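The file entry35.cif comes next; it holds mmCIF, C-alpha atoms.
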data_query
loop_
_atom_site.label_atom_id
_atom_site.label_comp_id
_atom_site.auth_asym_id
_atom_site.auth_seq_id
_atom_site.Cartn_x
_atom_site.Cartn_y
_atom_site.Cartn_z
CA MET A 1 43.83 0.54 71.76
CA ASP A 2 41.53 0.21 74.76
CA ILE A 3 40.68 -3.45 75.35
CA MET A 4 36.91 -2.90 75.56
CA GLN A 5 36.96 -0.84 72.35
CA ALA A 6 38.88 -3.64 70.63
CA LYS A 7 36.40 -6.26 71.82
CA GLU A 8 33.47 -4.21 70.55
CA LEU A 9 35.16 -3.85 67.15
CA VAL A 10 35.65 -7.61 66.93
CA ILE A 11 31.98 -8.20 67.74
CA LYS A 12 30.93 -5.58 65.19
CA ALA A 13 33.14 -7.19 62.55
CA GLY A 14 31.67 -10.62 63.22
CA LYS A 15 28.10 -9.41 62.73
CA GLU A 16 28.96 -7.45 59.57
CA LEU A 17 30.94 -10.33 58.08
CA VAL A 18 28.01 -12.72 58.66
CA ALA A 19 25.64 -10.20 57.07
CA SER A 20 27.95 -9.83 54.08
CA GLY A 21 28.29 -13.61 53.58
CA LEU A 22 32.06 -13.57 54.09
CA ILE A 23 31.67 -15.62 57.28
CA ALA A 24 28.96 -18.15 58.17
CA ARG A 25 28.01 -19.96 61.38
CA THR A 26 31.05 -20.16 63.67
CA TRP A 27 33.60 -20.52 60.88
CA GLY A 28 36.57 -18.20 60.63
CA ASN A 29 37.90 -15.89 63.34
CA ILE A 30 38.57 -12.21 63.97
CA SER A 31 41.13 -10.35 66.07
CA CYS A 32 42.24 -6.83 66.97
CA ARG A 33 45.65 -5.73 68.27
CA ILE A 34 45.54 -3.73 71.50
CA SER A 35 49.30 -3.29 71.99
CA ASP A 36 52.68 -4.53 70.81
CA THR A 37 52.26 -7.56 73.08
CA GLN A 38 48.55 -8.50 73.07
CA PHE A 39 45.46 -8.87 70.92
CA VAL A 40 41.84 -9.90 71.44
CA ILE A 41 40.24 -12.66 69.38
CA THR A 42 36.94 -14.48 68.91
CA PRO A 43 36.38 -17.65 70.97
CA SER A 44 36.35 -21.13 69.53
CA GLY A 45 33.06 -22.44 68.13
CA ARG A 46 30.64 -19.66 69.12
CA HIS A 47 28.16 -17.73 67.02
CA TYR A 48 29.12 -14.26 65.87
CA GLU A 49 25.60 -12.89 66.12
CA THR A 50 25.41 -13.41 69.90
CA LEU A 51 28.99 -12.74 71.03
CA THR A 52 29.49 -10.61 74.14
CA PRO A 53 32.63 -8.71 75.22
CA GLU A 54 33.16 -11.28 77.99
CA GLU A 55 33.57 -13.99 75.35
CA ILE A 56 36.29 -12.17 73.40
CA VAL A 57 39.63 -13.50 74.63
CA LEU A 58 42.81 -11.55 75.39
CA VAL A 59 45.90 -13.37 74.04
CA ASN A 60 49.64 -12.70 74.30
CA ILE A 61 51.33 -12.30 70.92
CA GLU A 62 54.60 -13.89 71.99
CA ASP A 63 53.51 -17.09 73.76
CA LEU A 64 49.74 -17.32 72.96
CA GLU A 65 48.90 -17.49 76.66
CA TYR A 66 45.43 -16.36 77.76
CA GLU A 67 43.39 -16.14 80.95
CA GLY A 68 39.95 -17.50 81.77
CA ASP A 69 37.85 -20.53 80.89
CA ILE A 70 36.85 -19.46 77.40
CA LYS A 71 39.17 -20.83 74.75
CA PRO A 72 40.32 -18.48 72.00
CA SER A 73 40.14 -19.54 68.36
CA SER A 74 42.36 -22.48 67.49
CA GLU A 75 43.93 -20.26 64.81
CA LYS A 76 45.20 -17.72 67.35
CA GLY A 77 48.76 -18.56 66.29
CA ILE A 78 48.08 -17.32 62.76
CA HIS A 79 46.79 -14.01 64.10
CA ALA A 80 49.80 -13.65 66.39
CA ALA A 81 52.11 -14.30 63.44
CA CYS A 82 50.38 -11.58 61.42
CA TYR A 83 50.94 -9.06 64.21
CA LYS A 84 54.57 -10.12 64.64
CA LEU A 85 55.44 -9.96 60.95
CA ARG A 86 53.39 -6.88 60.09
CA PRO A 87 53.83 -4.09 62.65
CA ASP A 88 51.37 -1.93 60.71
CA VAL A 89 48.59 -4.55 60.97
CA ASN A 90 46.07 -3.98 63.75
CA PHE A 91 43.10 -6.07 62.59
CA VAL A 92 42.99 -9.60 61.17
CA ILE A 93 40.09 -11.53 59.67
CA HIS A 94 40.28 -15.21 58.81
CA THR A 95 37.40 -16.22 56.53
CA HIS A 96 36.13 -19.22 54.62
CA GLN A 97 34.69 -16.91 51.97
CA ILE A 98 33.50 -18.80 48.93
CA ASN A 99 35.49 -17.37 46.02
CA ALA A 100 38.73 -17.38 47.98
CA SER A 101 37.95 -21.00 48.90
CA ILE A 102 37.80 -21.84 45.19
CA ILE A 103 41.35 -20.53 44.76
CA SER A 104 42.42 -22.34 47.94
CA ALA A 105 41.45 -25.63 46.27
CA LEU A 106 43.51 -24.79 43.19
CA GLY A 107 46.74 -24.20 45.11
CA MET A 108 47.74 -21.18 43.00
CA ASP A 109 49.06 -17.70 43.79
CA ILE A 110 47.16 -14.82 42.22
CA ASN A 111 49.67 -12.52 40.55
CA ASN A 112 49.43 -9.14 38.86
CA VAL A 113 46.29 -7.94 40.63
CA GLU A 114 45.25 -4.81 38.79
CA GLY A 115 43.73 -1.43 39.62
CA GLU A 116 42.36 -0.39 42.99
CA ASN A 117 42.14 -3.99 44.16
CA GLY A 118 45.89 -4.30 43.68
CA GLU A 119 46.48 -1.05 45.51
CA VAL A 120 44.37 -2.16 48.48
CA ILE A 121 45.40 -5.82 48.76
CA GLY A 122 48.74 -5.99 46.96
CA LYS A 123 49.79 -7.01 43.47
CA ASN A 124 50.61 -10.63 44.32
CA ILE A 125 48.43 -12.72 46.65
CA PRO A 126 50.30 -15.80 47.92
CA ILE A 127 48.88 -19.20 48.74
CA ALA A 128 49.96 -20.84 51.98
CA ALA A 129 50.92 -24.51 52.04
CA TYR A 130 48.29 -26.86 53.42
CA GLY A 131 48.08 -27.86 57.06
CA LEU A 132 45.25 -29.25 59.16
CA PRO A 133 43.16 -26.63 60.98
CA GLY A 134 44.64 -25.44 64.26
CA THR A 135 48.05 -27.01 63.63
CA GLY A 136 51.57 -25.64 63.60
CA LYS A 137 51.93 -26.80 60.01
CA LEU A 138 49.07 -24.52 58.95
CA ARG A 139 50.56 -21.61 60.90
CA GLU A 140 53.99 -22.13 59.37
CA GLY A 141 52.47 -22.21 55.91
CA VAL A 142 50.78 -18.86 56.50
CA ILE A 143 53.98 -17.37 57.92
CA ALA A 144 55.93 -18.46 54.83
CA ALA A 145 53.25 -17.03 52.53
CA ILE A 146 53.02 -13.59 54.11
CA THR A 147 56.81 -13.43 54.44
CA ARG A 148 57.31 -13.77 50.69
CA SER A 149 54.73 -11.12 49.77
CA ASP A 150 53.64 -7.66 50.84
CA SER A 151 50.01 -8.56 50.20
CA LYS A 152 47.43 -7.86 52.90
CA ALA A 153 45.81 -11.20 52.11
CA ALA A 154 47.00 -14.78 51.92
CA ILE A 155 44.96 -17.72 50.69
CA MET A 156 45.25 -20.88 52.76
CA ALA A 157 45.35 -24.04 50.66
CA HIS A 158 42.13 -26.08 50.93
CA HIS A 159 40.94 -23.79 53.71
CA GLY A 160 40.14 -20.09 53.21
CA ALA A 161 41.88 -16.74 53.55
CA VAL A 162 43.54 -14.46 56.07
CA CYS A 163 43.00 -10.73 55.54
CA MET A 164 45.01 -8.05 57.35
CA GLY A 165 44.39 -4.36 57.76
CA THR A 166 45.73 -1.30 59.49
CA ASP A 167 42.32 -1.10 61.15
CA TYR A 168 38.85 -2.63 61.07
CA ASP A 169 37.75 -0.86 57.89
CA ASP A 170 40.92 -1.73 56.02
CA ALA A 171 40.74 -5.45 56.90
CA PHE A 172 37.06 -5.61 55.93
CA ASN A 173 37.86 -3.88 52.64
CA VAL A 174 40.63 -6.40 51.93
CA ALA A 175 38.27 -9.34 52.55
CA THR A 176 35.56 -7.87 50.32
CA ARG A 177 37.92 -7.02 47.47
CA LEU A 178 39.58 -10.44 47.72
CA GLU A 179 36.27 -12.07 46.68
CA ALA A 180 36.17 -9.92 43.55
CA VAL A 181 39.80 -10.72 42.73
CA CYS A 182 39.22 -14.46 43.16
CA GLU A 183 36.11 -14.37 40.98
CA LYS A 184 38.05 -12.55 38.26
CA PHE A 185 40.80 -15.17 38.43
CA VAL A 186 38.28 -17.94 37.69
CA LEU A 187 36.49 -15.94 35.01
CA ASP A 188 39.81 -15.15 33.30
CA LYS A 189 40.41 -18.91 33.04
CA TYR A 190 36.91 -19.35 31.61
CA ALA A 191 37.56 -16.61 29.04
CA ALA A 192 40.88 -18.21 28.06
CA LEU A 193 39.19 -21.59 27.52
CA THR A 194 36.05 -20.37 25.75
CA GLY A 195 36.96 -17.04 24.21
CA THR A 196 33.89 -15.63 25.95
CA VAL A 197 33.67 -13.01 28.69
CA ALA A 198 31.20 -14.06 31.40
CA GLU A 199 29.51 -11.80 33.92
CA GLY A 200 29.41 -14.35 36.73
CA LEU A 201 30.60 -17.79 37.81
CA THR A 202 27.35 -19.55 36.89
CA ALA A 203 28.58 -19.42 33.30
CA VAL A 204 31.16 -22.01 34.32
CA CYS A 205 28.34 -24.55 34.77
CA GLY A 206 27.63 -24.53 31.04
CA TYR A 207 31.27 -25.05 30.12
CA VAL A 208 31.73 -27.90 32.60
CA ALA A 209 28.48 -29.56 31.54
CA ASP A 210 29.43 -29.45 27.86
CA LYS A 211 32.91 -30.81 28.52
CA PHE A 212 32.28 -33.50 31.10
CA ILE A 213 28.71 -34.78 30.61
CA LYS A 214 28.84 -37.23 27.73
CA ALA A 215 25.14 -38.09 27.68
CA PRO A 216 22.19 -36.51 29.50
CA SER A 217 20.69 -38.48 32.36
CA SER A 218 17.34 -40.15 31.82
CA THR A 219 16.51 -39.83 35.52
CA LYS A 220 13.35 -37.82 36.08
CA GLU A 221 13.71 -34.33 37.49
CA PHE A 222 11.39 -33.50 40.39
CA ASP A 223 10.73 -30.58 42.70
CA ALA A 224 12.83 -30.01 45.80
CA CYS A 225 11.05 -30.63 49.11
CA LYS A 226 12.03 -30.17 52.74
CA SER A 227 10.71 -32.09 55.70
CA GLU A 228 10.92 -32.50 59.45
CA ARG A 229 10.16 -35.40 61.78
CA ASP A 230 7.26 -34.90 64.19
CA GLY A 231 7.12 -37.96 66.39
CA SER A 232 5.81 -40.89 64.33
CA VAL A 233 4.99 -38.69 61.33
CA PHE A 234 6.88 -36.20 59.18
CA ASN A 235 5.80 -32.95 57.59
CA ILE A 236 6.92 -32.30 54.03
CA SER A 237 6.53 -29.23 51.80
CA LEU A 238 7.92 -27.77 48.58
CA VAL A 239 11.09 -25.70 49.03
CA ASP A 240 9.76 -23.10 46.59
CA GLY A 241 6.09 -23.62 47.31
CA ASP A 242 3.41 -21.73 49.20
CA GLY A 243 4.16 -23.44 52.52
CA ALA A 244 1.42 -26.07 52.25
CA ILE A 245 2.33 -29.14 54.32
CA THR A 246 1.63 -32.81 53.79
CA ARG A 247 1.75 -35.07 56.89
CA ILE A 248 2.93 -38.64 56.39
CA ASP A 249 2.96 -41.63 58.75
CA ILE A 250 6.59 -42.78 58.81
CA GLU A 251 5.81 -46.45 59.39
CA THR A 252 2.99 -46.96 56.89
CA GLY A 253 3.50 -44.13 54.41
CA ASP A 254 -0.16 -43.15 54.74
CA ILE A 255 -1.06 -39.52 54.09
CA ILE A 256 -2.59 -38.09 57.27
CA ALA A 257 -3.30 -34.60 55.98
CA GLY A 258 -2.61 -32.37 53.02
CA SER A 259 -1.33 -33.18 49.56
CA GLY A 260 1.70 -32.53 47.38
CA CYS A 261 5.37 -33.56 47.17
CA GLU A 262 4.29 -36.96 45.80
CA ASP A 263 7.64 -37.55 44.09
CA SER A 264 9.57 -37.07 47.35
CA ILE A 265 7.40 -38.69 49.99
CA GLU A 266 8.79 -42.22 49.79
CA LEU A 267 12.36 -40.94 49.60
CA HIS A 268 12.01 -38.90 52.81
CA ARG A 269 10.05 -41.67 54.55
CA ALA A 270 12.77 -44.25 53.80
CA ILE A 271 15.41 -42.00 55.34
CA TYR A 272 13.40 -41.35 58.49
CA LYS A 273 12.69 -45.07 58.90
CA LYS A 274 16.35 -46.04 58.64
CA ARG A 275 18.00 -43.06 60.29
CA LYS A 276 16.63 -42.42 63.76
CA ASP A 277 19.21 -39.65 64.16
CA VAL A 278 17.67 -37.63 61.30
CA ASN A 279 14.94 -35.11 62.09
CA TYR A 280 15.34 -32.73 59.15
CA ILE A 281 15.83 -33.28 55.42
CA TYR A 282 16.62 -30.43 53.03
CA HIS A 283 16.66 -30.89 49.26
CA THR A 284 18.86 -28.35 47.47
CA LYS A 285 18.80 -27.68 43.75
CA ASP A 286 21.46 -25.01 43.68
CA PRO A 287 22.79 -24.92 40.07
CA TYR A 288 26.31 -26.03 41.02
CA THR A 289 24.96 -28.88 43.13
CA VAL A 290 22.59 -29.96 40.36
CA LEU A 291 25.52 -30.04 37.94
CA CYS A 292 27.56 -32.17 40.34
CA SER A 293 24.60 -34.54 40.58
CA LYS A 294 24.59 -34.79 36.77
CA LEU A 295 28.32 -35.53 36.64
CA GLY A 296 27.62 -38.80 38.46
CA LYS A 297 30.73 -38.77 40.65
CA THR A 298 31.30 -39.03 44.38
CA MET A 299 32.25 -35.63 45.79
CA ARG A 300 35.47 -35.58 47.82
CA PRO A 301 36.57 -32.61 49.91
CA LEU A 302 38.56 -29.87 48.22
CA ILE A 303 38.23 -27.68 51.32
CA ASP A 304 38.43 -28.34 55.05
CA ASP A 305 34.92 -27.24 55.99
CA PHE A 306 33.43 -29.71 53.50
CA ALA A 307 35.38 -32.51 55.20
CA GLN A 308 34.28 -31.32 58.64
CA ILE A 309 30.59 -30.77 57.90
CA CYS A 310 29.81 -33.27 55.12
CA GLY A 311 32.46 -35.92 55.72
CA ALA A 312 35.10 -37.69 53.65
CA THR A 313 32.70 -38.34 50.77
CA VAL A 314 29.29 -37.37 49.46
CA LYS A 315 28.11 -40.27 47.35
CA HIS A 316 25.96 -40.24 44.23
CA ALA A 317 22.71 -42.22 43.98
CA LYS A 318 19.88 -42.61 41.49
CA TYR A 319 16.37 -41.98 42.75
CA ASP A 320 13.41 -42.54 40.45
CA PRO A 321 10.02 -41.34 41.74
CA ASN A 322 8.39 -43.87 39.39
CA ASN A 323 10.20 -46.69 41.21
CA SER A 324 10.42 -45.03 44.61
CA LEU A 325 10.38 -48.10 46.87
CA LYS A 326 13.44 -49.67 45.26
CA THR A 327 15.47 -46.58 44.44
CA SER A 328 14.91 -44.89 47.81
CA LYS A 329 16.82 -47.80 49.34
CA LYS A 330 19.82 -46.91 47.17
CA VAL A 331 19.75 -43.38 48.51
CA VAL A 332 19.54 -44.62 52.11
CA LYS A 333 22.53 -46.89 51.45
CA ALA A 334 24.55 -44.02 49.97
CA LEU A 335 23.68 -41.94 53.07
CA LYS A 336 24.99 -44.55 55.51
CA ARG A 337 26.73 -42.67 58.35
CA ARG A 338 26.70 -39.57 56.13
CA ASN A 339 24.78 -36.30 56.12
CA ALA A 340 24.54 -35.53 52.40
CA VAL A 341 23.93 -37.40 49.17
CA LEU A 342 23.83 -36.37 45.52
CA LEU A 343 20.60 -37.33 43.73
CA GLU A 344 21.28 -37.96 40.07
CA ASN A 345 19.96 -35.04 38.01
CA ASN A 346 18.31 -33.51 41.08
CA GLY A 347 20.87 -31.81 43.31
CA ALA A 348 21.42 -33.14 46.82
CA LEU A 349 19.82 -33.99 50.14
CA ALA A 350 21.18 -32.67 53.43
CA VAL A 351 20.04 -34.60 56.52
CA ALA A 352 20.62 -33.89 60.20
CA GLY A 353 19.24 -34.15 63.68
CA SER A 354 18.68 -30.41 64.04
CA GLU A 355 17.38 -27.72 61.74
CA TYR A 356 20.56 -25.73 62.39
CA ASP A 357 22.83 -28.58 61.28
CA ALA A 358 20.71 -29.39 58.24
CA GLY A 359 21.07 -25.79 57.11
CA ALA A 360 24.83 -25.92 57.61
CA ILE A 361 25.15 -29.14 55.63
CA GLU A 362 23.07 -27.70 52.81
CA PHE A 363 25.20 -24.54 52.75
CA ILE A 364 28.50 -26.44 52.71
CA THR A 365 27.24 -28.94 50.12
CA ASN A 366 26.38 -26.05 47.79
CA LYS A 367 29.67 -24.31 48.52
CA GLY A 368 31.61 -27.53 47.92
CA ALA A 369 29.74 -28.09 44.66
CA LYS A 370 30.60 -24.58 43.44
CA ILE A 371 34.25 -25.23 44.20
CA GLN A 372 34.13 -28.63 42.47
CA VAL A 373 32.58 -27.12 39.33
CA CYS A 374 35.01 -24.21 39.09
CA ALA A 375 37.97 -26.48 39.81
CA LYS A 376 36.97 -28.64 36.83
CA MET A 377 38.36 -25.93 34.54
CA PHE A 378 41.84 -26.29 36.04
CA ASP A 379 44.15 -29.25 35.60
CA LYS A 380 45.15 -31.68 38.36
CA VAL A 381 43.13 -30.34 41.27
CA SER A 382 43.36 -32.96 44.02
CA PRO A 383 41.10 -33.53 47.03
CA ILE A 384 42.42 -33.48 50.57
CA ASN A 385 44.10 -36.67 51.77
CA PRO A 386 41.41 -39.20 52.87
CA PHE A 387 43.07 -39.80 56.25
CA GLU A 388 43.10 -36.07 56.98
CA THR A 389 39.47 -35.67 55.93
CA ARG A 390 38.39 -38.42 58.31
CA LEU A 391 40.47 -36.94 61.11
CA MET A 392 38.92 -33.50 60.60
CA ARG A 393 35.43 -35.00 60.53
CA LEU A 394 36.07 -36.84 63.80
CA VAL A 395 37.50 -33.76 65.54
CA TYR A 396 34.59 -31.64 64.33
CA LYS A 397 31.96 -34.10 65.56
CA LEU A 398 33.61 -34.57 68.94
CA LYS A 399 34.59 -30.96 69.58
CA TYR A 400 33.49 -28.07 67.41
CA SER A 401 29.93 -29.14 66.64
CA LYS A 402 29.23 -29.38 70.38
CA GLN A 403 30.72 -25.92 70.96
CA ALA A 404 28.52 -24.50 68.20
CA GLU A 405 25.42 -25.82 69.96
CA LYS A 406 26.11 -23.72 73.09
#
As structure tokens:
Amino acid sequence: MDIMQAKELVIKAGKELVASGLIARTWGNISCRISDTQFVITPSGRHYETLTPEEIVLVNIEDLEYEGDIKPSSEKGIHAACYKLRPDVNFVIHTHQINASIISALGMDINNVEGENGEVIGKNIPIAAYGLPGTGKLREGVIAAITRSDSKAAIMAHHGAVCMGTDYDDAFNVATRLEAVCEKFVLDKYAALTGTVAEGLTAVCGYVADKFIKAPSSTKEFDACKSERDGSVFNISLVDGDGAITRIDIETGDIIAGSGCEDSIELHRAIYKKRKDVNYIYHTKDPYTVLCSKLGKTMRPLIDDFAQICGATVKHAKYDPNNSLKTSKKVVKALKRRNAVLLENNGALAVAGSEYDAGAIEFITNKGAKIQVCAKMFDKVSPINPFETRLMRLVYKLKYSKQAEK
């Protein structure tokens, strides 16, 4: 294939995968074979929506060498292995798609895939042994997985999925159908446990709540609000409101203008006072995240991107709007050096220095919560090793988060 045509296909795939929800931010990577010896691949840590042909990197299949100052994806070795092992593969997509990530946390193959999905992807979808992102161990795990199966997809333990196709359309089709297959796998487990056929994964919330919540929380539920720092004040508004803003003096707590969000004002103010690095606070009440907040447990990473974006733990804290001065301090303490916290009975807060990062933390918190809830139905699902989670978090903060800001 012509190199410029291949680069344009990779850019097109990135935009369409973001639009479809199969890829978000800079996560995942995409490549296209141009010959028996070379392929082009997305760069490390750059946004898919703004990629240019000059940023797509030409890489040798055999030795992974490349030219220029732009670094290719750290997972280039996985793509090269796909092209080596599968001569008919000409397009590879590595995603962190949500339903496949649920299966990645379970550590299970998906066998006996039925119907057209089985015809497109393969009857048996293997899971690759865990390895830290960008490492030889991860690459070797993927090689072993795709060697023992003729599937066009492999799920990477605690990570995501790699989807292969004869061309762009085929690889995209594999990635899309893989989400449906992974959802069915979870729903089949739900049906086996409950004797009920569910239409979607939100049904799992009811099962997990009934099984694991022994007594309902007495903590008051309150509306989700979002806010941003504006010098010595902050602006706060309802997430699902009409956009009306209340302005609060951070030091005194005095209302400067507007009204509303009374239950959240002191909570947000306490965070801004203590955390000078925080300029944005998002409150999410996604149903999976709310359920995790009701379970009353610290969330630990079941997937790599949770460890990278949210950290080694997301703690649980009680916040009572009727005793806001005292309980807001507990939330601040639980947030120490962290970017997310579960609020008992009320979902979670995502905090960050930039609006972009706050959105990413909110997204990954919700994704991690969905994986936590679905994993509750399966026995002996273990989080990633604490040392590895801290290492990933450090590498992300020092390297990838700075690349994403470019």
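As for atom CA of His96 of chain A and atom CA of Ile309 of chain A, they are spaced 13.2 Å apart.
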Could you please give me, as a PyMOL selection string, the residues of protein, DNA or RNA lying at most 9 Å from (14.7, -41.9, 47.3) in the coordinate frame of the file, considering all atoms listed in the file?
chain A and resi 263-271+317-321+323-332+343
Can you list, as number ranges by chain, the residues that the PyMOL selection byres ((chain A and resi 15) around 12) selects here?
A: 8-14, 16-26, 29-30, 42, 47-52, 172
Across A:Met392, A:Cys32, A:Cys182, A:Met377, the smallest distance to Thr166 of chain A, with only C-alpha atoms counted, is shown by A:Cys32
Counting only C-alpha atoms, select every polymer residue within 12 Å of (53.4, -4.2, 69.3) as defined in the file's coordinates, and provide the selection as a list of chain:residue names.
A:Met1, A:Cys32, A:Arg33, A:Ile34, A:Ser35, A:Asp36, A:Thr37, A:Gln38, A:Phe39, A:Asn60, A:Ile61, A:Glu62, A:Ala80, A:Ala81, A:Cys82, A:Tyr83, A:Lys84, A:Leu85, A:Arg86, A:Pro87, A:Asp88, A:Val89, A:Asn90
Using the chain letters and numbers from this file, what does the PyMOL selection byres ((chain A and resi 255) around 12) select? Give the answer as an mmCIF file with C-alpha atoms, keeping the file's coordinate frame.
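What landed in selection.cif:
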data_model
loop_
_atom_site.group_PDB
_atom_site.id
_atom_site.type_symbol
_atom_site.label_atom_id
_atom_site.label_comp_id
_atom_site.auth_asym_id
_atom_site.auth_seq_id
_atom_site.Cartn_x
_atom_site.Cartn_y
_atom_site.Cartn_z
ATOM 1 C CA VAL A 233 4.990 -38.690 61.330
ATOM 2 C CA PHE A 234 6.880 -36.200 59.180
ATOM 3 C CA ASN A 235 5.800 -32.950 57.590
ATOM 4 C CA ILE A 236 6.920 -32.300 54.030
ATOM 5 C CA ILE A 245 2.330 -29.140 54.320
ATOM 6 C CA THR A 246 1.630 -32.810 53.790
ATOM 7 C CA ARG A 247 1.750 -35.070 56.890
ATOM 8 C CA ILE A 248 2.930 -38.640 56.390
ATOM 9 C CA ASP A 249 2.960 -41.630 58.750
ATOM 10 C CA ILE A 250 6.590 -42.780 58.810
ATOM 11 C CA GLU A 251 5.810 -46.450 59.390
ATOM 12 C CA THR A 252 2.990 -46.960 56.890
ATOM 13 C CA GLY A 253 3.500 -44.130 54.410
ATOM 14 C CA ASP A 254 -0.160 -43.150 54.740
ATOM 15 C CA ILE A 256 -2.590 -38.090 57.270
ATOM 16 C CA ALA A 257 -3.300 -34.600 55.980
ATOM 17 C CA GLY A 258 -2.610 -32.370 53.020
ATOM 18 C CA SER A 259 -1.330 -33.180 49.560
ATOM 19 C CA GLY A 260 1.700 -32.530 47.380
ATOM 20 C CA CYS A 261 5.370 -33.560 47.170
ATOM 21 C CA GLU A 262 4.290 -36.960 45.800
ATOM 22 C CA ILE A 265 7.400 -38.690 49.990
ATOM 23 C CA GLU A 266 8.790 -42.220 49.790
ATOM 24 C CA ARG A 269 10.050 -41.670 54.550
#
Run the PyMOL selection byres ((chain A and resi 227) around 7) against the file shown and list the residues it catches, as a PyMOL selection string.
chain A and resi 225-226+228-229+234-237+280-282
Selected residues written out with C-alpha atoms, as a CSV table (one decimal), in the frame of the given file:
chain,number,residue,atom,x,y,z
A,225,CYS,CA,11.0,-30.6,49.1
A,226,LYS,CA,12.0,-30.2,52.7
A,228,GLU,CA,10.9,-32.5,59.4
A,229,ARG,CA,10.2,-35.4,61.8
A,234,PHE,CA,6.9,-36.2,59.2
A,235,ASN,CA,5.8,-33.0,57.6
A,236,ILE,CA,6.9,-32.3,54.0
A,237,SER,CA,6.5,-29.2,51.8
A,280,TYR,CA,15.3,-32.7,59.2
A,281,ILE,CA,15.8,-33.3,55.4
A,282,TYR,CA,16.6,-30.4,53.0
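What separates atom CA of Val208 of chain A from atom CA of Val373 of chain A is a distance of 6.8 Å.
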Residue neighbourhood segment 346-357 of chain A, 6 Å, only C-alpha atoms, exclusion window fewer than 4 positions, as a PyMOL selection string:
chain A and resi 221+277-285+289-290+293+339-342+361-362
Computed interatomic separation between atom CA of Leu201 of chain A and atom CA of Val381 of chain A (Å):
18.1 Å
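With only C-alpha atoms as the atoms that count, the residue of A:Ala358, A:Leu302, A:Ala128, A:Ala192 with the shortest distance to Thr147 of chain A is A:Ala128.
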With a distance cut-off of 10 Å and all atoms listed in the file, select the neighbouring residues of Tyr66 of chain A, excluding the residue or stretch itself and same-chain residues fewer than 6 positions from it, and output the selection as an mmCIF file with C-alpha atoms, keeping the file's coordinate frame.
data_model
loop_
_atom_site.group_PDB
_atom_site.id
_atom_site.type_symbol
_atom_site.label_atom_id
_atom_site.label_comp_id
_atom_site.auth_asym_id
_atom_site.auth_seq_id
_atom_site.Cartn_x
_atom_site.Cartn_y
_atom_site.Cartn_z
ATOM 1 C CA GLN A 38 48.550 -8.500 73.070
ATOM 2 C CA VAL A 40 41.840 -9.900 71.440
ATOM 3 C CA VAL A 57 39.630 -13.500 74.630
ATOM 4 C CA LEU A 58 42.810 -11.550 75.390
ATOM 5 C CA VAL A 59 45.900 -13.370 74.040
ATOM 6 C CA ASN A 60 49.640 -12.700 74.300
ATOM 7 C CA PRO A 72 40.320 -18.480 72.000
#
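Closest to Asn124 of chain A among A:Ile56, A:Ile303, A:Ala312, A:Ala153 is A:Ala153, based on all atoms listed in the file.
The closest residue to Tyr168 of chain A, picked from A:Cys310, A:Ile93, A:Leu394, A:Ile110 and counting only C-alpha atoms, is A:Ile93.
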Start from the incomplete input, build N, CA and C atoms for segment 152-162 of chain A, and deliver everything as a tab-separated table (two decimals), keeping the file's coordinate frame.
chain	number	residue	atom	x	y	z
A	152	LYS	N	48.21	-7.88	51.66
A	152	LYS	CA	47.43	-7.86	52.90
A	152	LYS	C	46.53	-9.09	53.02
A	153	ALA	N	46.61	-9.97	52.06
A	153	ALA	CA	45.81	-11.20	52.11
A	153	ALA	C	46.68	-12.39	51.73
A	154	ALA	N	46.39	-13.51	52.32
A	154	ALA	CA	47.00	-14.78	51.92
A	154	ALA	C	45.88	-15.81	51.85
A	155	ILE	N	45.94	-16.64	50.83
A	155	ILE	CA	44.96	-17.72	50.69
A	155	ILE	C	45.55	-18.99	51.25
A	156	MET	N	44.79	-19.68	52.07
A	156	MET	CA	45.25	-20.88	52.76
A	156	MET	C	44.77	-22.10	51.99
A	157	ALA	N	45.69	-22.91	51.52
A	157	ALA	CA	45.35	-24.04	50.66
A	157	ALA	C	44.28	-24.92	51.30
A	158	HIS	N	43.23	-25.22	50.51
A	158	HIS	CA	42.13	-26.08	50.93
A	158	HIS	C	41.41	-25.56	52.18
A	159	HIS	N	41.47	-24.27	52.43
A	159	HIS	CA	40.94	-23.79	53.71
A	159	HIS	C	40.16	-22.49	53.59
A	160	GLY	N	40.81	-21.38	53.24
A	160	GLY	CA	40.14	-20.09	53.21
A	160	GLY	C	41.15	-18.98	53.01
A	161	ALA	N	40.99	-17.89	53.75
A	161	ALA	CA	41.88	-16.74	53.55
A	161	ALA	C	42.12	-16.03	54.87
A	162	VAL	N	43.27	-15.35	54.96
A	162	VAL	CA	43.54	-14.46	56.07
A	162	VAL	C	43.72	-13.07	55.49
